[in-house]
>>> print(open('start.tsv').read())   # TSV, C-alpha atoms
chain	number	residue	atom	x	y	z
A	1	MET	CA	35.12	-6.70	68.34
A	2	GLY	CA	32.32	-4.34	67.53
A	3	ASP	CA	34.81	-1.61	66.53
A	4	VAL	CA	36.65	-4.01	64.21
A	5	GLY	CA	33.39	-5.10	62.63
A	6	GLU	CA	32.36	-1.52	62.05
A	7	LEU	CA	35.74	-0.73	60.45
A	8	VAL	CA	35.44	-3.68	58.06
A	9	ARG	CA	31.88	-2.75	57.16
A	10	ARG	CA	32.83	0.88	56.51
A	11	ARG	CA	35.76	-0.06	54.30
A	12	LEU	CA	33.58	-2.33	52.21
A	13	ILE	CA	31.25	0.61	51.66
A	14	VAL	CA	34.16	2.89	50.80
A	15	GLY	CA	35.31	0.45	48.13
A	16	ASP	CA	31.86	0.34	46.53
A	17	MET	CA	31.43	4.10	46.03
A	18	ARG	CA	31.79	4.36	42.27
A	19	VAL	CA	31.66	6.42	39.12
A	20	GLN	CA	28.47	5.78	37.15
A	21	GLU	CA	27.98	6.28	33.42
A	22	VAL	CA	24.60	7.79	32.55
A	23	ARG	CA	23.15	7.60	29.03
A	24	SER	CA	20.21	9.76	28.04
A	25	GLY	CA	17.51	8.75	25.57
A	26	SER	CA	19.32	10.74	22.87
A	27	GLY	CA	22.51	8.74	23.45
A	28	ARG	CA	24.34	11.53	25.26
A	29	VAL	CA	26.80	10.26	27.86
A	30	SER	CA	27.53	11.86	31.23
A	31	TRP	CA	29.20	10.74	34.45
A	32	THR	CA	28.32	11.01	38.11
A	33	ILE	CA	29.25	9.41	41.44
A	34	VAL	CA	26.92	7.11	43.37
A	35	TRP	CA	26.89	5.56	46.84
A	36	PRO	CA	27.05	1.74	47.21
A	37	GLU	CA	23.27	1.46	47.33
A	38	GLY	CA	23.01	3.38	44.03
A	39	ASN	CA	21.94	6.79	45.33
A	40	VAL	CA	23.55	9.79	43.65
A	41	TYR	CA	26.25	11.53	45.69
A	42	LYS	CA	24.54	14.93	45.64
A	43	GLU	CA	27.53	17.22	46.22
A	44	ALA	CA	29.67	15.39	43.66
A	45	ASP	CA	26.85	15.27	41.11
A	46	ARG	CA	26.20	19.01	41.43
A	47	TYR	CA	29.88	19.71	40.83
A	48	LEU	CA	30.22	17.31	37.87
A	49	ARG	CA	27.17	18.78	36.13
A	50	ARG	CA	29.30	21.84	35.42
A	51	PHE	CA	31.16	19.76	32.84
A	52	GLU	CA	28.22	18.17	31.02
A	53	SER	CA	29.26	19.79	27.74
A	54	GLU	CA	32.64	18.01	27.95
A	55	PRO	CA	32.00	14.33	28.78
A	56	GLY	CA	35.67	13.43	28.51
A	57	THR	CA	36.64	16.02	31.08
A	58	GLN	CA	33.65	15.11	33.23
A	59	ARG	CA	34.68	11.44	33.26
A	60	THR	CA	38.28	12.25	34.20
A	61	TYR	CA	37.18	14.57	37.00
A	62	ALA	CA	34.69	11.99	38.28
A	63	TYR	CA	37.40	9.33	38.67
A	64	LEU	CA	39.77	11.78	40.35
A	65	LEU	CA	37.05	12.97	42.71
A	66	VAL	CA	35.68	9.55	43.66
A	67	ASP	CA	39.08	8.43	44.94
A	68	HIS	CA	39.25	11.50	47.16
A	69	LEU	CA	35.72	10.94	48.46
A	70	ARG	CA	36.57	7.32	49.30
A	71	TRP	CA	39.60	8.58	51.22
A	72	LEU	CA	37.44	11.05	53.16
A	73	GLU	CA	35.19	8.18	54.19
A	74	ARG	CA	38.13	6.12	55.39
A	75	GLU	CA	39.49	9.05	57.39
A	76	ALA	CA	36.02	9.82	58.82
A	77	LEU	CA	36.32	13.40	57.52
A	78	THR	CA	33.28	15.47	56.59
A	79	PHE	CA	33.15	18.46	54.27
A	80	ASN	CA	32.89	20.73	57.32
A	81	SER	CA	35.78	19.10	59.19
A	82	VAL	CA	38.35	18.70	56.39
A	83	VAL	CA	41.09	21.35	56.44
A	84	LEU	CA	43.76	22.45	53.98
A	85	ARG	CA	46.40	20.28	55.65
A	86	ASP	CA	44.20	17.22	55.02
A	87	LEU	CA	44.04	18.03	51.31
A	88	VAL	CA	47.81	18.53	51.14
A	89	ARG	CA	48.30	15.18	52.91
A	90	TYR	CA	45.96	13.50	50.43
A	91	MET	CA	47.97	14.96	47.55
A	92	GLY	CA	51.06	13.40	49.12
A	93	LEU	CA	49.38	10.02	49.47
A	94	VAL	CA	48.60	9.86	45.74
A	95	GLY	CA	52.04	10.91	44.54
A	96	ALA	CA	52.90	14.56	45.22
A	97	GLU	CA	56.03	15.48	47.17
A	98	VAL	CA	54.86	17.16	50.38
A	99	PRO	CA	57.00	17.89	53.49
A	100	MET	CA	54.77	16.27	56.10
A	101	PRO	CA	53.93	12.87	57.61
A	102	LEU	CA	51.28	11.14	55.51
A	103	GLY	CA	49.83	8.62	57.94
A	104	GLU	CA	48.18	5.41	56.76
A	105	PRO	CA	48.99	4.56	53.11
A	106	TRP	CA	46.37	4.93	50.39
A	107	ARG	CA	46.09	3.34	46.92
A	108	THR	CA	48.75	0.79	47.86
A	109	ASP	CA	47.77	-1.44	44.92
A	110	LYS	CA	48.07	1.35	42.32
A	111	LYS	CA	50.83	3.49	40.88
A	112	PRO	CA	51.21	7.10	42.11
A	113	TYR	CA	49.68	9.76	39.91
A	114	GLY	CA	51.97	11.37	37.35
A	115	LYS	CA	52.59	15.13	37.16
A	116	ASP	CA	49.71	15.85	34.78
A	117	ALA	CA	47.26	13.81	36.85
A	118	LEU	CA	48.40	15.56	40.04
A	119	SER	CA	47.86	18.97	38.45
A	120	ALA	CA	44.39	17.94	37.30
A	121	LEU	CA	43.59	16.56	40.75
A	122	ALA	CA	44.69	19.81	42.41
A	123	SER	CA	42.37	21.73	40.10
A	124	VAL	CA	39.46	19.37	40.82
A	125	LEU	CA	39.90	19.58	44.60
A	126	LYS	CA	40.14	23.36	44.59
A	127	SER	CA	37.09	23.91	42.39
A	128	PHE	CA	35.06	21.26	44.24
A	129	TYR	CA	35.69	22.76	47.67
A	130	LEU	CA	35.20	26.31	46.40
A	131	GLU	CA	31.77	25.27	45.13
A	132	LEU	CA	30.96	23.73	48.51
A	133	ALA	CA	32.08	26.94	50.22
A	134	SER	CA	29.72	28.94	47.99
A	135	THR	CA	26.84	26.94	49.50
A	136	GLY	CA	28.02	27.62	53.08
A	137	ILE	CA	29.91	24.32	53.60
A	138	GLY	CA	33.59	24.52	54.57
A	139	VAL	CA	33.74	28.29	54.23
A	140	GLU	CA	37.15	28.65	55.92
A	141	LEU	CA	38.70	26.00	53.68
A	142	GLY	CA	37.25	27.80	50.67
A	143	ARG	CA	38.87	31.05	51.85
A	144	GLN	CA	42.26	29.33	52.12
A	145	LEU	CA	41.93	27.87	48.62
A	146	ASP	CA	40.76	31.12	47.01
A	147	VAL	CA	44.18	32.70	46.53
A	148	VAL	CA	45.90	34.55	43.69
A	149	ARG	CA	49.44	34.98	42.37
A	150	LEU	CA	51.37	37.29	40.10
A	151	PRO	CA	51.18	36.43	36.37
A	152	SER	CA	54.06	34.36	35.00
A	153	LYS	CA	55.87	34.60	31.66
A	154	ALA	CA	53.80	31.67	30.40
A	155	ASP	CA	50.61	33.57	31.29
A	156	ARG	CA	51.83	36.53	29.27
A	157	ASP	CA	52.83	34.32	26.34
A	158	ARG	CA	49.33	32.87	26.22
A	159	SER	CA	47.60	36.23	26.40
A	160	LEU	CA	46.87	38.60	23.53
A	161	LEU	CA	49.80	41.00	23.02
A	162	GLY	CA	51.18	40.01	26.43
A	163	HIS	CA	48.51	41.89	28.40
A	164	VAL	CA	47.17	40.03	31.43
A	165	LYS	CA	45.53	40.93	34.69
A	166	SER	CA	47.71	42.03	37.58
A	167	SER	CA	46.89	38.80	39.41
A	168	MET	CA	46.05	35.23	38.45
A	169	PRO	CA	44.24	32.43	40.31
A	170	ALA	CA	46.58	30.22	42.33
A	171	ASN	CA	46.20	26.79	43.83
A	172	PRO	CA	48.03	25.86	47.06
A	173	LEU	CA	47.51	22.16	46.22
A	174	THR	CA	49.29	22.20	42.85
A	175	PRO	CA	52.67	20.44	43.10
A	176	ARG	CA	55.71	22.20	41.74
A	177	ARG	CA	56.55	21.07	38.22
A	178	GLY	CA	60.10	20.49	37.15
A	179	ARG	CA	61.09	21.12	33.57
A	180	ARG	CA	59.51	18.57	31.28
A	181	ARG	CA	61.80	15.86	29.98
A	182	HIS	CA	62.59	15.87	26.30
A	183	PRO	CA	60.18	13.34	24.79
A	184	ARG	CA	61.29	9.87	23.86
A	185	MET	CA	61.82	9.72	20.10
A	186	LEU	CA	61.59	6.85	17.65
A	187	PRO	CA	64.95	5.17	17.03
A	188	GLU	CA	66.90	6.23	13.93
A	189	GLY	CA	65.70	4.34	10.86
A	190	ALA	CA	62.46	3.20	12.48
A	191	ARG	CA	60.18	4.33	9.64
A	192	PRO	CA	61.10	1.74	6.94
A	193	LEU	CA	61.30	-1.03	9.52
A	194	LEU	CA	57.82	-0.29	10.87
A	195	LEU	CA	56.30	-0.07	7.39
A	196	GLU	CA	57.85	-3.41	6.45
A	197	ALA	CA	56.57	-5.07	9.64
A	198	VAL	CA	52.85	-4.32	9.21
A	199	ASN	CA	50.55	-6.79	7.45
A	200	THR	CA	47.57	-4.91	6.01
A	201	ALA	CA	46.87	-1.82	3.92
A	202	GLN	CA	45.08	-0.37	6.92
A	203	ASP	CA	48.14	-0.83	9.13
A	204	GLN	CA	50.33	0.74	6.41
A	205	MET	CA	47.99	3.73	6.39
A	206	VAL	CA	47.92	4.02	10.19
A	207	VAL	CA	51.71	4.01	10.51
A	208	THR	CA	52.12	6.46	7.60
A	209	TRP	CA	49.52	8.87	8.94
A	210	LEU	CA	51.09	8.80	12.40
A	211	LEU	CA	54.57	9.45	10.97
A	212	ASP	CA	53.68	12.07	8.36
A	213	GLY	CA	50.69	13.74	10.00
A	214	GLY	CA	51.85	14.15	13.58
A	215	LEU	CA	48.38	13.03	14.68
A	216	ARG	CA	47.53	11.94	18.17
A	217	VAL	CA	46.10	8.44	18.13
A	218	GLY	CA	42.72	9.77	19.34
A	219	GLU	CA	42.68	12.23	16.44
A	220	LEU	CA	43.44	9.51	13.91
A	221	CYS	CA	40.85	7.06	15.27
A	222	GLY	CA	38.28	9.87	15.47
A	223	LEU	CA	38.49	10.80	11.77
A	224	HIS	CA	35.40	10.40	9.60
A	225	LEU	CA	35.56	9.96	5.83
A	226	VAL	CA	33.86	13.31	5.39
A	227	ASP	CA	36.77	14.98	7.23
A	228	LEU	CA	39.23	14.07	4.46
A	229	HIS	CA	39.72	16.54	1.62
A	230	LEU	CA	42.44	14.74	-0.29
A	231	ARG	CA	42.11	16.51	-3.63
A	232	GLU	CA	43.27	20.03	-4.44
A	233	HIS	CA	40.86	22.96	-4.13
A	234	ALA	CA	38.39	21.18	-1.86
A	235	ALA	CA	34.91	22.65	-1.41
A	236	CYS	CA	35.69	23.83	2.13
A	237	GLY	CA	37.95	26.54	0.69
A	238	GLN	CA	40.28	26.39	3.70
A	239	ALA	CA	43.35	24.92	2.01
A	240	LYS	CA	44.32	24.63	-1.65
A	241	LEU	CA	46.24	21.39	-1.18
A	242	ALA	CA	45.17	18.02	0.24
A	243	HIS	CA	44.27	18.16	3.93
A	244	ALA	CA	42.18	16.68	6.72
A	245	HIS	CA	39.91	18.36	9.25
A	246	VAL	CA	40.52	17.07	12.78
A	247	CYS	CA	37.19	17.62	14.55
A	248	HIS	CA	36.43	17.07	18.23
A	249	ARG	CA	33.40	14.76	18.49
A	250	GLU	CA	32.08	13.37	21.75
A	251	GLY	CA	29.75	10.81	20.16
A	252	ASN	CA	32.18	8.60	18.22
A	253	LEU	CA	31.24	4.92	18.60
A	254	ASN	CA	34.82	3.95	19.46
A	255	GLY	CA	35.15	6.69	22.10
A	256	ALA	CA	38.00	8.37	20.21
A	257	ARG	CA	38.19	12.14	20.58
A	258	ALA	CA	40.43	14.86	19.18
A	259	LYS	CA	42.11	16.77	21.98
A	260	SER	CA	41.91	20.12	20.21
A	261	LYS	CA	38.43	21.66	20.22
A	262	HIS	CA	38.47	24.06	17.30
A	263	PRO	CA	34.92	24.89	16.18
A	264	TRP	CA	33.69	22.99	13.11
A	265	GLU	CA	30.50	22.28	11.20
A	266	VAL	CA	29.09	20.28	8.31
A	267	SER	CA	27.14	22.21	5.70
A	268	GLY	CA	25.90	20.57	2.51
A	269	GLY	CA	27.99	17.52	3.30
A	270	VAL	CA	31.20	19.58	3.51
A	271	VAL	CA	33.20	19.88	6.72
A	272	THR	CA	34.71	23.24	7.58
A	273	GLY	CA	36.74	24.23	10.63
A	274	GLY	CA	38.41	21.93	13.11
A	275	LEU	CA	42.19	21.65	13.07
A	276	VAL	CA	43.25	21.65	9.41
A	277	LYS	CA	46.18	19.27	8.84
A	278	ARG	CA	48.14	19.02	5.61
A	279	VAL	CA	48.36	15.53	4.12
A	280	SER	CA	51.46	14.08	2.44
A	281	PRO	CA	51.46	12.17	-0.87
A	282	ALA	CA	52.32	8.99	1.06
A	283	MET	CA	49.30	9.52	3.30
A	284	ILE	CA	47.04	9.89	0.26
A	285	HIS	CA	48.51	6.80	-1.41
A	286	THR	CA	48.03	4.57	1.64
A	287	TYR	CA	44.49	5.92	2.11
A	288	PHE	CA	43.42	4.89	-1.40
A	289	GLU	CA	45.11	1.49	-1.03
A	290	TYR	CA	43.12	0.89	2.16
A	291	MET	CA	39.82	2.18	0.78
A	292	THR	CA	40.17	0.21	-2.46
A	293	ASN	CA	41.26	-3.12	-1.03
A	294	GLU	CA	40.02	-3.40	2.55
A	295	TYR	CA	37.36	-0.88	3.57
A	296	PRO	CA	34.03	-2.77	3.91
A	297	ARG	CA	31.39	-2.17	1.27
A	298	ALA	CA	28.63	-2.57	3.86
A	299	GLY	CA	28.34	-2.37	7.64
A	300	ALA	CA	30.23	0.89	8.07
A	301	GLU	CA	27.33	3.33	7.91
A	302	HIS	CA	28.90	5.23	10.82
A	303	GLY	CA	31.25	6.79	8.25
A	304	MET	CA	34.42	6.53	10.33
A	305	LEU	CA	37.79	6.03	8.65
A	306	LEU	CA	39.37	3.19	10.63
A	307	VAL	CA	37.31	0.04	11.11
A	308	GLN	CA	37.88	-3.49	12.33
A	309	LEU	CA	38.60	-5.73	9.36
A	310	ALA	CA	37.80	-9.16	10.83
A	311	GLY	CA	36.06	-10.92	13.68
A	312	PRO	CA	32.55	-10.57	15.09
A	313	ASP	CA	32.84	-6.77	15.19
A	314	ALA	CA	34.07	-6.38	11.61
A	315	GLY	CA	33.05	-3.00	10.25
A	316	GLN	CA	32.86	-1.36	13.65
A	317	PRO	CA	35.16	1.63	14.34
A	318	LEU	CA	38.71	0.78	15.39
A	319	THR	CA	39.66	1.82	18.95
A	320	THR	CA	42.75	3.68	20.06
A	321	SER	CA	43.85	0.67	22.12
A	322	ALA	CA	43.69	-1.54	19.00
A	323	VAL	CA	45.90	0.90	17.08
A	324	ALA	CA	48.38	1.09	19.96
A	325	ALA	CA	48.48	-2.72	20.18
A	326	MET	CA	49.10	-3.06	16.43
A	327	PHE	CA	51.87	-0.46	16.56
A	328	GLY	CA	53.49	-2.20	19.52
A	329	ARG	CA	53.42	-5.58	17.78
A	330	ALA	CA	55.02	-4.12	14.66
A	331	ALA	CA	57.77	-2.52	16.74
A	332	ARG	CA	58.53	-5.79	18.51
A	333	ARG	CA	58.70	-7.67	15.21
A	334	THR	CA	61.37	-5.25	13.99
A	335	GLY	CA	63.42	-5.64	17.16
A	336	LEU	CA	62.95	-1.95	18.04
A	337	GLY	CA	61.51	-2.80	21.46
A	338	HIS	CA	58.56	-1.08	23.10
A	339	LEU	CA	57.31	1.85	21.02
A	340	THR	CA	54.06	3.83	21.16
A	341	PRO	CA	52.13	5.74	18.47
A	342	HIS	CA	52.72	9.02	20.33
A	343	GLN	CA	56.46	8.77	19.67
A	344	CYS	CA	55.65	9.40	16.00
A	345	ARG	CA	54.19	12.75	17.04
A	346	HIS	CA	57.37	13.59	18.96
A	347	ASN	CA	59.50	12.89	15.88
A	348	TRP	CA	57.14	14.83	13.64
A	349	THR	CA	57.06	17.90	15.89
A	350	THR	CA	60.83	17.98	16.25
A	351	ALA	CA	61.20	17.70	12.46
A	352	VAL	CA	58.70	20.52	11.85
A	353	LEU	CA	60.45	22.73	14.40
A	354	ASP	CA	63.83	22.09	12.78
A	355	ALA	CA	62.49	22.66	9.25
A	356	ALA	CA	60.82	25.91	10.37
A	357	GLY	CA	64.07	27.25	11.77
A	358	GLY	CA	62.78	27.04	15.34
A	359	ASN	CA	59.59	29.00	14.59
A	360	LEU	CA	57.38	28.07	17.54
A	361	VAL	CA	54.21	29.52	16.00
A	362	ILE	CA	54.48	27.25	12.95
A	363	ALA	CA	55.06	24.19	15.14
A	364	ARG	CA	52.21	25.18	17.47
A	365	ASP	CA	49.66	25.61	14.68
A	366	ALA	CA	50.80	22.53	12.76
A	367	GLY	CA	50.57	20.34	15.86
A	368	GLY	CA	47.40	21.82	17.32
A	369	TRP	CA	48.76	23.12	20.64
A	370	ALA	CA	47.04	25.98	22.43
A	371	SER	CA	50.30	27.73	23.27
A	372	THR	CA	53.85	28.03	21.98
A	373	ALA	CA	54.99	27.61	25.61
A	374	VAL	CA	54.38	23.83	25.46
A	375	VAL	CA	56.30	23.48	22.19
A	376	ASP	CA	59.15	25.57	23.55
A	377	GLU	CA	59.33	23.72	26.86
A	378	VAL	CA	59.10	20.20	25.47
A	379	TYR	CA	60.69	20.40	22.03
A	380	GLY	CA	62.67	23.63	21.96
A	381	HIS	CA	65.98	22.07	22.94
A	382	VAL	CA	69.22	22.28	21.07
A	383	ASP	CA	70.55	19.14	19.40
A	384	LEU	CA	73.87	18.40	21.10
A	385	HIS	CA	75.19	17.03	17.80
A	386	ASP	CA	74.10	20.01	15.69
A	387	PRO	CA	77.12	21.49	13.80
A	388	ASP	CA	76.03	25.04	14.66
A	389	PHE	CA	75.90	24.11	18.35
A	390	GLU	CA	79.33	22.49	18.08
A	391	ALA	CA	80.73	25.59	16.38
A	392	ALA	CA	79.24	27.86	19.04
A	393	LEU	CA	80.85	25.82	21.81
A	394	ARG	CA	84.21	25.86	20.09
A	395	MET	CA	83.94	29.63	19.72
A	396	VAL	CA	83.30	29.94	23.46
A	397	TRP	CA	86.20	27.61	24.16
A	398	GLY	CA	88.51	29.74	22.02
A	399	GLU	CA	89.07	27.05	19.40
A	400	LEU	CA	87.46	29.00	16.54
A	401	TRP	CA	88.15	32.58	15.70
>>> encode(input="start.tsv", output="structure tokens")
Amino acid sequence: MGDVGELVRRRLIVGDMRVQEVRSGSGRVSWTIVWPEGNVYKEADRYLRRFESEPGTQRTYAYLLVDHLRWLEREALTFNSVVLRDLVRYMGLVGAEVPMPLGEPWRTDKKPYGKDALSALASVLKSFYLELASTGIGVELGRQLDVVRLPSKADRDRSLLGHVKSSMPANPLTPRRGRRRHPRMLPEGARPLLLEAVNTAQDQMVVTWLLDGGLRVGELCGLHLVDLHLREHAACGQAKLAHAHVCHREGNLNGARAKSKHPWEVSGGVVTGGLVKRVSPAMIHTYFEYMTNEYPRAGAEHGMLLVQLAGPDAGQPLTTSAVAAMFGRAARRTGLGHLTPHQCRHNWTTAVLDAAGGNLVIARDAGGWASTAVVDEVYGHVDLHDPDFEAALRMVWGELW
């Protein structure tokens, strides 16, 4: 009975280990991990402090790490007793395909991690245990994790002029990735249906900017009015025609952040830098309709573009979840089924790639990716109904000469 009682008590403690948000006096947000009684988990906190300049990354890593630490507690494993096989088994328990028995299930009430989450988790585990090894804890495990590999084609594509080191860091925990699926696109003819289904000038602007701008929803919700240079020959001098500056800000009141982290600054009230995105005439038109008819005259001193129009929080910045919900409702009203804002970006990228004759560099820079490899892997697929593709097949089949 005593053993059962101890097991129950320990599992209650495991469940209470948590990620804690920490706000400084200046309003800066960071994330750490604390024990049930509120004490900071020292090893985890030391590791997470490495990412203080990137709160979004720090938060993601904290939630990935806390689940692993809870699992260690359940398995009665310490940092000195855990071995590489334990880490591989844990990867299998959260969703990776590993050729070994996994033992008692874990996270039975949650979905397995997807491929991107598994890759991030593998990176977190490796760097966390390497840091421990540098302090003399789990030195043998650190040695097993500190491995290298030969550079791949993708490594060379990302490097300047194709020159890379003769070896690259490797991670024995990273699951093998299959080729990415072609992204799910909006149905044919979705644009006019979506624009007819929305109810406000703001919603018209949101749908138009998603369709014409190829913006991620976090980029759109993170825009400030000062970022928009919608007249020709703007003072920033970075583009002659109308454009917007997508700037990565960690302090937005709605928590929205641009994924791309191009350097930017404000000087004399003028934004320069960031990811410069061209703006279509339709985007400009819907912007002025929204600003003229719906944008609040007071209560929006934060200066953000998208705000809540009604309710107790009227005037406060609009969240990404609110935009996604609006978009989903509009799609259902049209009978198009379940659609997401990110599908607009898929359509936009494919259209840009087609219009640019398959030029990956143009698509990469227009969409704000770090590498052409992502564009090539995800979007660089032939259209099976393309006449040129059909003609090429017929040539191979001997039907055209």
>>> residues_around(input="start.tsv", residues="stretch 187-190 of chain A", least_positions_apart="2", cutoff="10 Å", atoms="only C-alpha atoms", output="PyMOL selection string")
chain A and resi 184-185+192-195+331+334+336-337+339+343-344+347
>>> closest_residue(input="start.tsv", among="A:Ile33, A:Ile362, A:Val266, A:Ala62", to="A:Cys236", atoms="all atoms listed in the file")
A:Val266
>>> residues_around(input="start.tsv", residues="A:Asn80", least_positions_apart="4", cutoff="12 Å", atoms="all atoms listed in the file", output="ChimeraX atom specification")
/A:72,76,84,129,132-133,135-142
>>> write_last_selection(input="start.tsv", atoms="C-alpha atoms", output="short mmCIF file (atom, residue, chain, number, x, y, z; two decimals), keeping the file's coordinate frame")
data_model
loop_
_atom_site.label_atom_id
_atom_site.label_comp_id
_atom_site.auth_asym_id
_atom_site.auth_seq_id
_atom_site.Cartn_x
_atom_site.Cartn_y
_atom_site.Cartn_z
CA LEU A 72 37.44 11.05 53.16
CA ALA A 76 36.02 9.82 58.82
CA LEU A 84 43.76 22.45 53.98
CA TYR A 129 35.69 22.76 47.67
CA LEU A 132 30.96 23.73 48.51
CA ALA A 133 32.08 26.94 50.22
CA THR A 135 26.84 26.94 49.50
CA GLY A 136 28.02 27.62 53.08
CA ILE A 137 29.91 24.32 53.60
CA GLY A 138 33.59 24.52 54.57
CA VAL A 139 33.74 28.29 54.23
CA GLU A 140 37.15 28.65 55.92
CA LEU A 141 38.70 26.00 53.68
CA GLY A 142 37.25 27.80 50.67
#
>>> closest_residue(input="start.tsv", among="A:Tyr90, A:Trp209, A:Phe51, A:Tyr113", to="A:Val279", atoms="only C-alpha atoms")
A:Trp209
>>> residues_near_point(input="start.tsv", point="(50.9, 13.1, 6.2)", cutoff="10 Å", atoms="all atoms listed in the file", output="list in words")
Met205, Thr208, Trp209, Leu210, Leu211, Asp212, Gly213, Gly214, Leu215, Ala242, His243, Ala244, Lys277, Arg278, Val279, Ser280, Pro281, Ala282, Met283, Ile284 and Trp348 of chain A
>>> decode(input="start.tsv", residues="stretch 250-276 of chain A", atoms="C-alpha atoms", output="CSV table (one decimal), in the first residue's frame")
chain,number,residue,atom,x,y,z
A,250,GLU,CA,8.1,40.6,-29.5
A,251,GLY,CA,6.1,43.1,-27.5
A,252,ASN,CA,2.8,43.3,-29.5
A,253,LEU,CA,-0.2,43.4,-27.2
A,254,ASN,CA,-2.0,40.6,-29.1
A,255,GLY,CA,1.1,38.4,-29.1
A,256,ALA,CA,1.3,38.3,-32.9
A,257,ARG,CA,4.8,38.0,-34.3
A,258,ALA,CA,6.3,38.0,-37.8
A,259,LYS,CA,8.2,34.8,-38.4
A,260,SER,CA,10.9,36.4,-40.4
A,261,LYS,CA,13.4,38.5,-38.4
A,262,HIS,CA,14.9,40.9,-40.8
A,263,PRO,CA,16.5,43.9,-39.0
A,264,TRP,CA,14.4,47.0,-38.9
A,265,GLU,CA,14.2,50.4,-37.2
A,266,VAL,CA,12.1,53.5,-36.8
A,267,SER,CA,13.9,56.8,-37.4
A,268,GLY,CA,12.0,60.1,-37.5
A,269,GLY,CA,8.7,58.2,-37.5
A,270,VAL,CA,9.7,56.2,-40.6
A,271,VAL,CA,10.1,52.5,-40.6
A,272,THR,CA,13.0,51.0,-42.7
A,273,GLY,CA,14.0,47.4,-43.0
A,274,GLY,CA,12.0,44.3,-42.1
A,275,LEU,CA,10.5,42.2,-44.9
A,276,VAL,CA,9.3,44.6,-47.6
